[in-house]
Amino acid sequence: MNIAILSRNPALYSTQSLARAARIRHHYVRIIDYVNCDLIMEDGNLTISYHGQIIEDIDAIIPRIGASHTSFGSAVIRQFEQKGIFTTLSSQALLKARDKLTCSQILAAEGLQIPRTIVSNNTIMYRDLLDTFDDNIVIKLINGTHGIGVVLAESKGQAESILEAFNKTKQKSMMQEFIAESNGADIRIFVVDQEIVGTMKRQAKEGEFRSNLHRGGSSSVEPISEKEKEVALKAVKHLGLEIAGVDMLRSKRGPLILEVNASPGLEGIETTTKVDIAGRIINFVERNVKAGEYA
Ligand SMILES: Nc1ncnc2c1ncn2[C@@H]1O[C@H](COP(=O)(O)OP(=O)(O)O)[C@@H](O)[C@H]1O
Ligand SMILES: [Mg+2]
């Protein structure tokens with residue numbers, strides 16, 4: 001079949017890994033820089049033009065949308081959806097997962113445990129709201145990623161200053177209970193089509209609480225409990241995702257979901273677990289684009 005990977009950069013590990021997995025399985029692969037797609041809307045007809053040529057004959061898309069292009073990326077996905085093309089990530093699920101506020105609302109509403117979180121636009125209320133937490137408080141940008149925009153305040157005063165600074169620069173943020181007992185570690189659970197295909201633990205480097213590999217964290221294979229599996233699968237389902245990286249903290253009151261990544265990186269999880277996750281993703285596409293629909 002003809003598979004389009006929506007990616008800004010063909011040289012990225014995840015893009016390469018997916019392209020290789022698809023080609024090994026005898027599919028044609030096109031890597032499309034979605035930011036440079038032109039979306040054409042006419043009565044009853046939606047088309048996508050790329051470098052002046054209409055994109056045709058695509059059987060499935062695998063979107064890998066970067067955090068700074070969520071809005072336009074989801075519009076490009078929607079254009080393909082309207083044409084009835086199979087996508088491994090729906091435009092709606094991307095929008096829900098990318099926004100830490102929306103994601104927290106959905107998970108909490110479904111009864112899944114998350115660190116206690118408050119979002120407020122009222123600077124005069126900050127102090128009162130902060131007083132409902134212990135002294136250590138995490139402040140994070142709602143649209144942050146790779147650990148950038150996640151700050152640990154060690155006092156209410158510090159937390160208030162950080163919130164004010166984010167507010168002043170018009171960046172939406174949230175205050176969150178700090179889970180000290182996770183000791184700078186979190187669990188990444190990779191899900192493809194309602195199946196857990198890889199799990200790893202990420203440990204923050206010395207003197208750092210953020211375990212992101214982009215922030216110098218290290219990863220190792222980590223088995224997870226039945227409860228953790230159940231929680232991860234539920235979270236992915238409620239967000240409407242088929243491929244996701246669920247981040248979880250181990251706390252005194254059980255597993256807490258931190259976030260669910262809609263375009264989870266493959267490098268960390270594939271090199272750590274040695275599982276061919278890109279292959280699993282292509283198999284998932286194959287199951288959904290039925291034989292006979294493509295040559
Ligand atoms: N409430 C918290 N308590 C303890 N550690 C946290 C908390 N929130 C985030 N962290 C740490 O910071 C990292 C980045 O936070 P996360 O919310 O996943 O943001 P990002 O989208 O930037 O990765 C997490 O992987 C975790 O190690
Ligand atoms: Mg994260």
# chains A, B, ... in the order shown; residues from 1 in each chain; ligands from 1
call {"tool": "select_by_dssp", "arguments": {"residues": "stretch 134-198 of chain A", "states": "strand (DSSP E)", "output": "ChimeraX atom specification"}}
result
/A:137-145,148-153,173-177,185-192,195-198
call {"tool": "residues_near_ligand", "arguments": {"ligand": "ligand 1", "cutoff": "9 Å", "atoms": "only C-alpha atoms and all ligand atoms", "output": "PDB file with C-alpha atoms, in the first residue's frame"}}
result
ATOM      1  CA  ARG A  98      -1.596  17.679  23.332  1.00  0.00           C
ATOM      2  CA  LYS A 100      -2.329  19.010  29.227  1.00  0.00           C
ATOM      3  CA  ILE A 114      -3.553  11.931  38.124  1.00  0.00           C
ATOM      4  CA  PRO A 115      -1.477  14.240  40.328  1.00  0.00           C
ATOM      5  CA  ARG A 116      -3.837  16.866  41.789  1.00  0.00           C
ATOM      6  CA  THR A 117      -3.900  19.734  39.310  1.00  0.00           C
ATOM      7  CA  ILE A 137       4.695  22.288  43.765  1.00  0.00           C
ATOM      8  CA  VAL A 138       5.184  21.540  40.081  1.00  0.00           C
ATOM      9  CA  ILE A 139       4.269  24.345  37.682  1.00  0.00           C
ATOM     10  CA  LYS A 140       3.965  23.353  34.054  1.00  0.00           C
ATOM     11  CA  LEU A 141       3.093  24.900  30.734  1.00  0.00           C
ATOM     12  CA  ILE A 142      -0.095  23.414  29.306  1.00  0.00           C
ATOM     13  CA  ASN A 143       1.497  22.977  25.890  1.00  0.00           C
ATOM     14  CA  GLY A 144       5.024  22.115  26.988  1.00  0.00           C
ATOM     15  CA  THR A 145       6.953  19.061  25.856  1.00  0.00           C
ATOM     16  CA  HIS A 146      10.314  17.308  26.376  1.00  0.00           C
ATOM     17  CA  GLY A 147      10.271  18.554  29.980  1.00  0.00           C
ATOM     18  CA  ILE A 148      10.702  22.165  28.913  1.00  0.00           C
ATOM     19  CA  GLY A 149       8.273  24.335  30.840  1.00  0.00           C
ATOM     20  CA  VAL A 150       8.043  21.927  33.794  1.00  0.00           C
ATOM     21  CA  VAL A 151       9.390  23.627  36.916  1.00  0.00           C
ATOM     22  CA  LEU A 152       9.629  22.496  40.519  1.00  0.00           C
ATOM     23  CA  MET A 175      -0.072  23.981  39.244  1.00  0.00           C
ATOM     24  CA  GLN A 176       0.356  20.373  40.246  1.00  0.00           C
ATOM     25  CA  GLU A 177       1.004  18.233  43.293  1.00  0.00           C
ATOM     26  CA  PHE A 178       4.667  17.153  43.370  1.00  0.00           C
ATOM     27  CA  ILE A 179       5.058  13.383  43.647  1.00  0.00           C
ATOM     28  CA  ALA A 180       8.291  13.227  45.628  1.00  0.00           C
ATOM     29  CA  GLU A 181       8.249   9.460  46.147  1.00  0.00           C
ATOM     30  CA  SER A 182       8.713   8.760  42.432  1.00  0.00           C
ATOM     31  CA  ASN A 183      12.316   9.957  42.988  1.00  0.00           C
ATOM     32  CA  GLY A 184      12.814  11.428  39.535  1.00  0.00           C
ATOM     33  CA  ALA A 185      11.591   8.306  37.756  1.00  0.00           C
ATOM     34  CA  ASP A 186       8.591   7.708  35.568  1.00  0.00           C
ATOM     35  CA  ILE A 187       7.308   4.809  33.499  1.00  0.00           C
ATOM     36  CA  ARG A 188       6.730   5.077  29.750  1.00  0.00           C
ATOM     37  CA  ARG A 202      13.160   6.700  32.798  1.00  0.00           C
ATOM     38  CA  GLN A 203      15.329   8.051  35.577  1.00  0.00           C
ATOM     39  CA  ALA A 204      16.219  11.728  35.802  1.00  0.00           C
ATOM     40  CA  GLU A 208      17.018  16.819  38.238  1.00  0.00           C
ATOM     41  CA  PHE A 209      13.408  15.715  38.815  1.00  0.00           C
ATOM     42  CA  ARG A 210      12.362  15.544  35.157  1.00  0.00           C
ATOM     43  CA  SER A 211      13.025  12.121  33.691  1.00  0.00           C
ATOM     44  CA  ASN A 212      12.691  13.097  30.009  1.00  0.00           C
ATOM     45  CA  LEU A 213      15.443  11.561  27.875  1.00  0.00           C
ATOM     46  CA  HIS A 214      15.724  14.997  26.215  1.00  0.00           C
ATOM     47  CA  ARG A 215      16.671  16.353  29.645  1.00  0.00           C
ATOM     48  CA  GLY A 217      17.368  11.069  31.738  1.00  0.00           C
ATOM     49  CA  ASP A 247       3.738   8.480  31.178  1.00  0.00           C
ATOM     50  CA  MET A 248       3.069   7.329  34.700  1.00  0.00           C
ATOM     51  CA  LEU A 249       4.422   8.113  38.148  1.00  0.00           C
ATOM     52  CA  LEU A 258       1.164  12.302  33.984  1.00  0.00           C
ATOM     53  CA  GLU A 259       0.392  12.601  30.321  1.00  0.00           C
ATOM     54  CA  VAL A 260      -0.395  10.635  27.211  1.00  0.00           C
ATOM     55  CA  ASN A 261       1.787  11.398  24.207  1.00  0.00           C
TER      56      ASN A 261
END
call {"tool": "closest_residue", "arguments": {"among": "A:Ala278, A:Glu222, A:Ala93, A:Ala67", "to": "ligand 2", "atoms": "only C-alpha atoms and all ligand atoms"}}
result
A:Ala67
call {"tool": "closest_residue", "arguments": {"among": "A:Gln105, A:Ser90, A:Ser225, A:Gln16", "to": "A:Ile31", "atoms": "only C-alpha atoms"}}
result
A:Gln16
call {"tool": "closest_residue", "arguments": {"among": "A:Ala21, A:Ile40, A:Val285, A:Ile257", "to": "ligand 2", "atoms": "only C-alpha atoms and all ligand atoms"}}
result
A:Ile257
call {"tool": "select_by_dssp", "arguments": {"residues": "stretch 45-225 of chain A", "states": "alpha helix (DSSP H)", "output": "PyMOL selection string"}}
result
chain A and resi 70-82+91-98+100-109+126-130+156-168
call {"tool": "write_last_selection", "arguments": {"atoms": "N, CA and C atoms", "output": "compact mmCIF listing (two decimals), in the first residue's frame"}}
result
# COMPACT_ATOMS: atom_id res chain seq x y z
N THR A 70 0.81 21.65 16.42
CA THR A 70 -0.36 20.84 16.72
C THR A 70 -1.60 21.29 15.94
N SER A 71 -1.85 22.58 15.93
CA SER A 71 -3.07 23.07 15.33
C SER A 71 -3.11 22.81 13.80
N PHE A 72 -2.06 23.22 13.11
CA PHE A 72 -2.06 23.00 11.65
C PHE A 72 -1.93 21.50 11.34
N GLY A 73 -1.15 20.81 12.14
CA GLY A 73 -1.00 19.36 11.96
C GLY A 73 -2.35 18.66 12.04
N SER A 74 -3.17 19.06 13.00
CA SER A 74 -4.47 18.40 13.14
C SER A 74 -5.37 18.78 11.96
N ALA A 75 -5.20 19.97 11.43
CA ALA A 75 -6.00 20.36 10.25
C ALA A 75 -5.61 19.51 9.03
N VAL A 76 -4.33 19.22 8.91
CA VAL A 76 -3.87 18.38 7.79
C VAL A 76 -4.45 16.96 7.95
N ILE A 77 -4.40 16.45 9.18
CA ILE A 77 -4.96 15.11 9.43
C ILE A 77 -6.46 15.11 9.08
N ARG A 78 -7.16 16.17 9.51
CA ARG A 78 -8.60 16.26 9.25
C ARG A 78 -8.89 16.22 7.75
N GLN A 79 -8.05 16.86 6.99
CA GLN A 79 -8.23 16.87 5.53
C GLN A 79 -8.15 15.44 4.98
N PHE A 80 -7.19 14.65 5.49
CA PHE A 80 -7.08 13.25 5.06
C PHE A 80 -8.29 12.45 5.57
N GLU A 81 -8.69 12.72 6.81
CA GLU A 81 -9.85 12.00 7.38
C GLU A 81 -11.09 12.22 6.52
N GLN A 82 -11.29 13.47 6.10
CA GLN A 82 -12.47 13.79 5.29
C GLN A 82 -12.46 13.03 3.97
N SER A 91 -7.45 13.52 14.25
CA SER A 91 -7.21 14.95 14.51
C SER A 91 -7.74 15.31 15.89
N GLN A 92 -8.88 14.75 16.27
CA GLN A 92 -9.47 15.05 17.56
C GLN A 92 -8.62 14.55 18.72
N ALA A 93 -8.15 13.31 18.60
CA ALA A 93 -7.34 12.72 19.68
C ALA A 93 -6.04 13.50 19.85
N LEU A 94 -5.48 13.96 18.74
CA LEU A 94 -4.24 14.75 18.84
C LEU A 94 -4.49 16.01 19.66
N LEU A 95 -5.58 16.70 19.35
CA LEU A 95 -5.87 17.95 20.07
C LEU A 95 -6.10 17.70 21.56
N LYS A 96 -6.80 16.61 21.86
CA LYS A 96 -7.09 16.30 23.27
C LYS A 96 -5.82 15.97 24.04
N ALA A 97 -4.97 15.14 23.44
CA ALA A 97 -3.79 14.67 24.16
C ALA A 97 -2.75 15.78 24.32
N ARG A 98 -2.64 16.65 23.32
CA ARG A 98 -1.60 17.68 23.33
C ARG A 98 -1.79 18.74 24.39
N LYS A 100 -2.42 19.67 27.92
CA LYS A 100 -2.33 19.01 29.23
C LYS A 100 -3.58 19.24 30.07
N LEU A 101 -4.26 20.38 29.85
CA LEU A 101 -5.49 20.65 30.61
C LEU A 101 -6.62 19.73 30.14
N THR A 102 -6.86 19.68 28.83
CA THR A 102 -7.92 18.81 28.29
C THR A 102 -7.66 17.36 28.67
N CYS A 103 -6.41 16.95 28.53
CA CYS A 103 -6.03 15.57 28.83
C CYS A 103 -6.31 15.25 30.29
N SER A 104 -5.94 16.15 31.20
CA SER A 104 -6.18 15.93 32.64
C SER A 104 -7.67 15.86 32.93
N GLN A 105 -8.44 16.73 32.27
CA GLN A 105 -9.89 16.73 32.49
C GLN A 105 -10.50 15.39 32.09
N ILE A 106 -10.11 14.89 30.94
CA ILE A 106 -10.67 13.63 30.44
C ILE A 106 -10.30 12.48 31.36
N LEU A 107 -9.02 12.41 31.74
CA LEU A 107 -8.57 11.30 32.58
C LEU A 107 -9.24 11.35 33.95
N ALA A 108 -9.29 12.55 34.56
CA ALA A 108 -9.88 12.68 35.89
C ALA A 108 -11.37 12.35 35.84
N ALA A 109 -12.04 12.80 34.77
CA ALA A 109 -13.48 12.54 34.64
C ALA A 109 -13.76 11.05 34.52
N TYR A 126 -3.96 32.94 43.10
CA TYR A 126 -2.84 31.99 43.10
C TYR A 126 -2.47 31.52 44.51
N ARG A 127 -2.28 32.50 45.40
CA ARG A 127 -1.78 32.14 46.73
C ARG A 127 -2.74 31.18 47.46
N ASP A 128 -4.03 31.51 47.40
CA ASP A 128 -5.01 30.65 48.09
C ASP A 128 -5.01 29.24 47.49
N LEU A 129 -4.92 29.18 46.17
CA LEU A 129 -4.92 27.87 45.51
C LEU A 129 -3.65 27.10 45.85
N LEU A 130 -2.53 27.81 45.86
CA LEU A 130 -1.25 27.16 46.19
C LEU A 130 -1.26 26.63 47.62
N LYS A 156 5.86 28.22 48.30
CA LYS A 156 4.66 28.86 47.72
C LYS A 156 5.05 30.17 47.03
N GLY A 157 5.98 30.90 47.64
CA GLY A 157 6.42 32.18 47.08
C GLY A 157 7.03 31.99 45.70
N GLN A 158 7.90 30.95 45.62
CA GLN A 158 8.54 30.65 44.34
C GLN A 158 7.48 30.25 43.30
N ALA A 159 6.55 29.42 43.74
CA ALA A 159 5.50 28.95 42.83
C ALA A 159 4.70 30.13 42.29
N GLU A 160 4.38 31.05 43.19
CA GLU A 160 3.59 32.22 42.79
C GLU A 160 4.35 33.07 41.76
N SER A 161 5.66 33.26 41.98
CA SER A 161 6.45 34.05 41.03
C SER A 161 6.48 33.39 39.66
N ILE A 162 6.62 32.07 39.65
CA ILE A 162 6.68 31.36 38.36
C ILE A 162 5.34 31.49 37.63
N LEU A 163 4.25 31.29 38.38
CA LEU A 163 2.92 31.41 37.77
C LEU A 163 2.72 32.82 37.21
N GLU A 164 3.15 33.82 37.97
CA GLU A 164 2.99 35.21 37.51
C GLU A 164 3.81 35.46 36.25
N ALA A 165 5.01 34.90 36.22
CA ALA A 165 5.87 35.11 35.04
C ALA A 165 5.23 34.47 33.80
N PHE A 166 4.72 33.24 33.95
CA PHE A 166 4.07 32.58 32.82
C PHE A 166 2.84 33.37 32.39
N ASN A 167 2.09 33.85 33.37
CA ASN A 167 0.87 34.60 33.08
C ASN A 167 1.19 35.89 32.33
N LYS A 168 2.23 36.56 32.79
CA LYS A 168 2.66 37.83 32.19
C LYS A 168 3.06 37.64 30.72
call {"tool": "closest_residue", "arguments": {"among": "A:Ile282, A:Val221, A:Leu39, A:Ile196", "to": "A:Ile54", "atoms": "only C-alpha atoms"}}
result
A:Leu39
call {"tool": "closest_residue", "arguments": {"among": "A:Ser7, A:Thr47, A:Ser155, A:Ser263", "to": "A:Asp33", "atoms": "only C-alpha atoms"}}
result
A:Ser7
call {"tool": "closest_residue", "arguments": {"among": "A:Ile55, A:Val275, A:Arg287, A:Gly265", "to": "ligand 2", "atoms": "only C-alpha atoms and all ligand atoms"}}
result
A:Gly265
call {"tool": "atom_distance", "arguments": {"atom1": "atom CA of A:Arg30", "atom2": "atom CA of A:Leu12"}}
result
14.3 Å
call {"tool": "residues_around", "arguments": {"residues": "A:Met1", "least_positions_apart": "4", "cutoff": "12 Å", "atoms": "only C-alpha atoms", "output": "PyMOL selection string"}}
result
chain A and resi 22-23+25-30+57-61+86+282-283+285-295
call {"tool": "atom_distance", "arguments": {"atom1": "atom CA of A:Phe284", "atom2": "atom CA of A:Arg8"}}
result
22.6 Å
call {"tool": "residues_around", "arguments": {"residues": "stretch 50-52 of chain A", "least_positions_apart": "5", "cutoff": "10 Å", "atoms": "only C-alpha atoms", "output": "PyMOL selection string"}}
result
chain A and resi 32-39
call {"tool": "write_last_selection", "arguments": {"atoms": "N, CA and C atoms", "output": "compact mmCIF listing (two decimals), in the first residue's frame"}}
result
# COMPACT_ATOMS: atom_id res chain seq x y z
N ILE A 32 5.96 13.23 4.13
CA ILE A 32 5.39 14.53 3.77
C ILE A 32 5.58 15.52 4.92
N ASP A 33 6.19 16.64 4.61
CA ASP A 33 6.31 17.70 5.62
C ASP A 33 4.97 18.42 5.69
N TYR A 34 4.17 18.01 6.70
CA TYR A 34 2.78 18.48 6.79
C TYR A 34 2.68 19.99 6.90
N VAL A 35 3.69 20.65 7.44
CA VAL A 35 3.63 22.11 7.60
C VAL A 35 3.58 22.79 6.23
N ASN A 36 4.13 22.12 5.23
CA ASN A 36 4.13 22.68 3.88
C ASN A 36 3.05 22.10 2.98
N CYS A 37 2.03 21.50 3.60
CA CYS A 37 0.88 21.04 2.81
C CYS A 37 -0.07 22.22 2.64
N ASP A 38 -0.65 22.36 1.46
CA ASP A 38 -1.68 23.38 1.24
C ASP A 38 -3.02 22.66 1.26
N LEU A 39 -3.94 23.17 2.05
CA LEU A 39 -5.25 22.52 2.19
C LEU A 39 -6.26 23.26 1.33
call {"tool": "decode", "arguments": {"residues": "stretch 63-91 of chain A", "atoms": "N, CA and C atoms", "output": "PDB file, in the first residue's frame"}}
result
ATOM      1  N   PRO A  63       0.706  10.076  11.190  1.00  0.00           N
ATOM      2  CA  PRO A  63       1.110  11.437  11.553  1.00  0.00           C
ATOM      3  C   PRO A  63       2.126  11.449  12.703  1.00  0.00           C
ATOM      4  N   ARG A  64       3.157  12.238  12.546  1.00  0.00           N
ATOM      5  CA  ARG A  64       4.153  12.460  13.602  1.00  0.00           C
ATOM      6  C   ARG A  64       4.216  13.978  13.760  1.00  0.00           C
ATOM      7  N   ILE A  65       3.277  14.506  14.534  1.00  0.00           N
ATOM      8  CA  ILE A  65       3.103  15.956  14.585  1.00  0.00           C
ATOM      9  C   ILE A  65       3.884  16.557  15.754  1.00  0.00           C
ATOM     10  N   GLY A  66       4.746  17.507  15.452  1.00  0.00           N
ATOM     11  CA  GLY A  66       5.547  18.162  16.481  1.00  0.00           C
ATOM     12  C   GLY A  66       4.701  19.095  17.335  1.00  0.00           C
ATOM     13  N   ALA A  67       5.168  19.323  18.574  1.00  0.00           N
ATOM     14  CA  ALA A  67       4.387  20.113  19.530  1.00  0.00           C
ATOM     15  C   ALA A  67       4.146  21.545  19.065  1.00  0.00           C
ATOM     16  N   SER A  68       5.049  22.085  18.251  1.00  0.00           N
ATOM     17  CA  SER A  68       4.851  23.475  17.846  1.00  0.00           C
ATOM     18  C   SER A  68       3.922  23.602  16.639  1.00  0.00           C
ATOM     19  N   HIS A  69       3.425  22.472  16.126  1.00  0.00           N
ATOM     20  CA  HIS A  69       2.549  22.535  14.952  1.00  0.00           C
ATOM     21  C   HIS A  69       1.262  21.748  15.161  1.00  0.00           C
ATOM     22  N   THR A  70       0.813  21.654  16.418  1.00  0.00           N
ATOM     23  CA  THR A  70      -0.363  20.845  16.724  1.00  0.00           C
ATOM     24  C   THR A  70      -1.601  21.288  15.943  1.00  0.00           C
ATOM     25  N   SER A  71      -1.846  22.583  15.931  1.00  0.00           N
ATOM     26  CA  SER A  71      -3.074  23.071  15.325  1.00  0.00           C
ATOM     27  C   SER A  71      -3.106  22.813  13.803  1.00  0.00           C
ATOM     28  N   PHE A  72      -2.062  23.218  13.108  1.00  0.00           N
ATOM     29  CA  PHE A  72      -2.064  22.998  11.654  1.00  0.00           C
ATOM     30  C   PHE A  72      -1.933  21.502  11.342  1.00  0.00           C
ATOM     31  N   GLY A  73      -1.150  20.806  12.144  1.00  0.00           N
ATOM     32  CA  GLY A  73      -0.995  19.355  11.960  1.00  0.00           C
ATOM     33  C   GLY A  73      -2.348  18.656  12.043  1.00  0.00           C
ATOM     34  N   SER A  74      -3.171  19.061  13.005  1.00  0.00           N
ATOM     35  CA  SER A  74      -4.468  18.403  13.138  1.00  0.00           C
ATOM     36  C   SER A  74      -5.371  18.775  11.962  1.00  0.00           C
ATOM     37  N   ALA A  75      -5.205  19.971  11.427  1.00  0.00           N
ATOM     38  CA  ALA A  75      -6.000  20.364  10.249  1.00  0.00           C
ATOM     39  C   ALA A  75      -5.612  19.512   9.032  1.00  0.00           C
ATOM     40  N   VAL A  76      -4.326  19.215   8.915  1.00  0.00           N
ATOM     41  CA  VAL A  76      -3.873  18.376   7.790  1.00  0.00           C
ATOM     42  C   VAL A  76      -4.452  16.962   7.954  1.00  0.00           C
ATOM     43  N   ILE A  77      -4.396  16.452   9.183  1.00  0.00           N
ATOM     44  CA  ILE A  77      -4.958  15.108   9.429  1.00  0.00           C
ATOM     45  C   ILE A  77      -6.457  15.110   9.078  1.00  0.00           C
ATOM     46  N   ARG A  78      -7.159  16.173   9.512  1.00  0.00           N
ATOM     47  CA  ARG A  78      -8.601  16.255   9.251  1.00  0.00           C
ATOM     48  C   ARG A  78      -8.893  16.223   7.747  1.00  0.00           C
ATOM     49  N   GLN A  79      -8.051  16.856   6.989  1.00  0.00           N
ATOM     50  CA  GLN A  79      -8.227  16.872   5.531  1.00  0.00           C
ATOM     51  C   GLN A  79      -8.153  15.436   4.980  1.00  0.00           C
ATOM     52  N   PHE A  80      -7.187  14.653   5.491  1.00  0.00           N
ATOM     53  CA  PHE A  80      -7.080  13.248   5.061  1.00  0.00           C
ATOM     54  C   PHE A  80      -8.289  12.450   5.570  1.00  0.00           C
ATOM     55  N   GLU A  81      -8.693  12.715   6.811  1.00  0.00           N
ATOM     56  CA  GLU A  81      -9.852  12.004   7.379  1.00  0.00           C
ATOM     57  C   GLU A  81     -11.094  12.219   6.520  1.00  0.00           C
ATOM     58  N   GLN A  82     -11.288  13.468   6.102  1.00  0.00           N
ATOM     59  CA  GLN A  82     -12.468  13.791   5.288  1.00  0.00           C
ATOM     60  C   GLN A  82     -12.460  13.034   3.974  1.00  0.00           C
ATOM     61  N   LYS A  83     -11.257  12.676   3.535  1.00  0.00           N
ATOM     62  CA  LYS A  83     -11.153  11.915   2.286  1.00  0.00           C
ATOM     63  C   LYS A  83     -11.298  10.413   2.533  1.00  0.00           C
ATOM     64  N   GLY A  84     -11.505  10.051   3.817  1.00  0.00           N
ATOM     65  CA  GLY A  84     -11.708   8.643   4.161  1.00  0.00           C
ATOM     66  C   GLY A  84     -10.421   7.839   4.230  1.00  0.00           C
ATOM     67  N   ILE A  85      -9.300   8.526   4.364  1.00  0.00           N
ATOM     68  CA  ILE A  85      -8.013   7.811   4.425  1.00  0.00           C
ATOM     69  C   ILE A  85      -7.702   7.405   5.861  1.00  0.00           C
ATOM     70  N   PHE A  86      -7.249   6.190   6.031  1.00  0.00           N
ATOM     71  CA  PHE A  86      -6.965   5.681   7.375  1.00  0.00           C
ATOM     72  C   PHE A  86      -5.798   6.447   8.001  1.00  0.00           C
ATOM     73  N   THR A  87      -5.991   6.850   9.255  1.00  0.00           N
ATOM     74  CA  THR A  87      -4.906   7.525   9.967  1.00  0.00           C
ATOM     75  C   THR A  87      -4.660   6.822  11.306  1.00  0.00           C
ATOM     76  N   THR A  88      -3.390   6.728  11.699  1.00  0.00           N
ATOM     77  CA  THR A  88      -3.068   6.092  12.977  1.00  0.00           C
ATOM     78  C   THR A  88      -3.303   7.055  14.138  1.00  0.00           C
ATOM     79  N   LEU A  89      -3.613   8.306  13.812  1.00  0.00           N
ATOM     80  CA  LEU A  89      -3.879   9.309  14.851  1.00  0.00           C
ATOM     81  C   LEU A  89      -4.986  10.222  14.352  1.00  0.00           C
ATOM     82  N   SER A  90      -6.093  10.293  15.085  1.00  0.00           N
ATOM     83  CA  SER A  90      -7.178  11.151  14.621  1.00  0.00           C
ATOM     84  C   SER A  90      -6.897  12.600  15.020  1.00  0.00           C
ATOM     85  N   SER A  91      -7.452  13.519  14.245  1.00  0.00           N
ATOM     86  CA  SER A  91      -7.211  14.948  14.505  1.00  0.00           C
ATOM     87  C   SER A  91      -7.745  15.312  15.891  1.00  0.00           C
TER      88      SER A  91
END
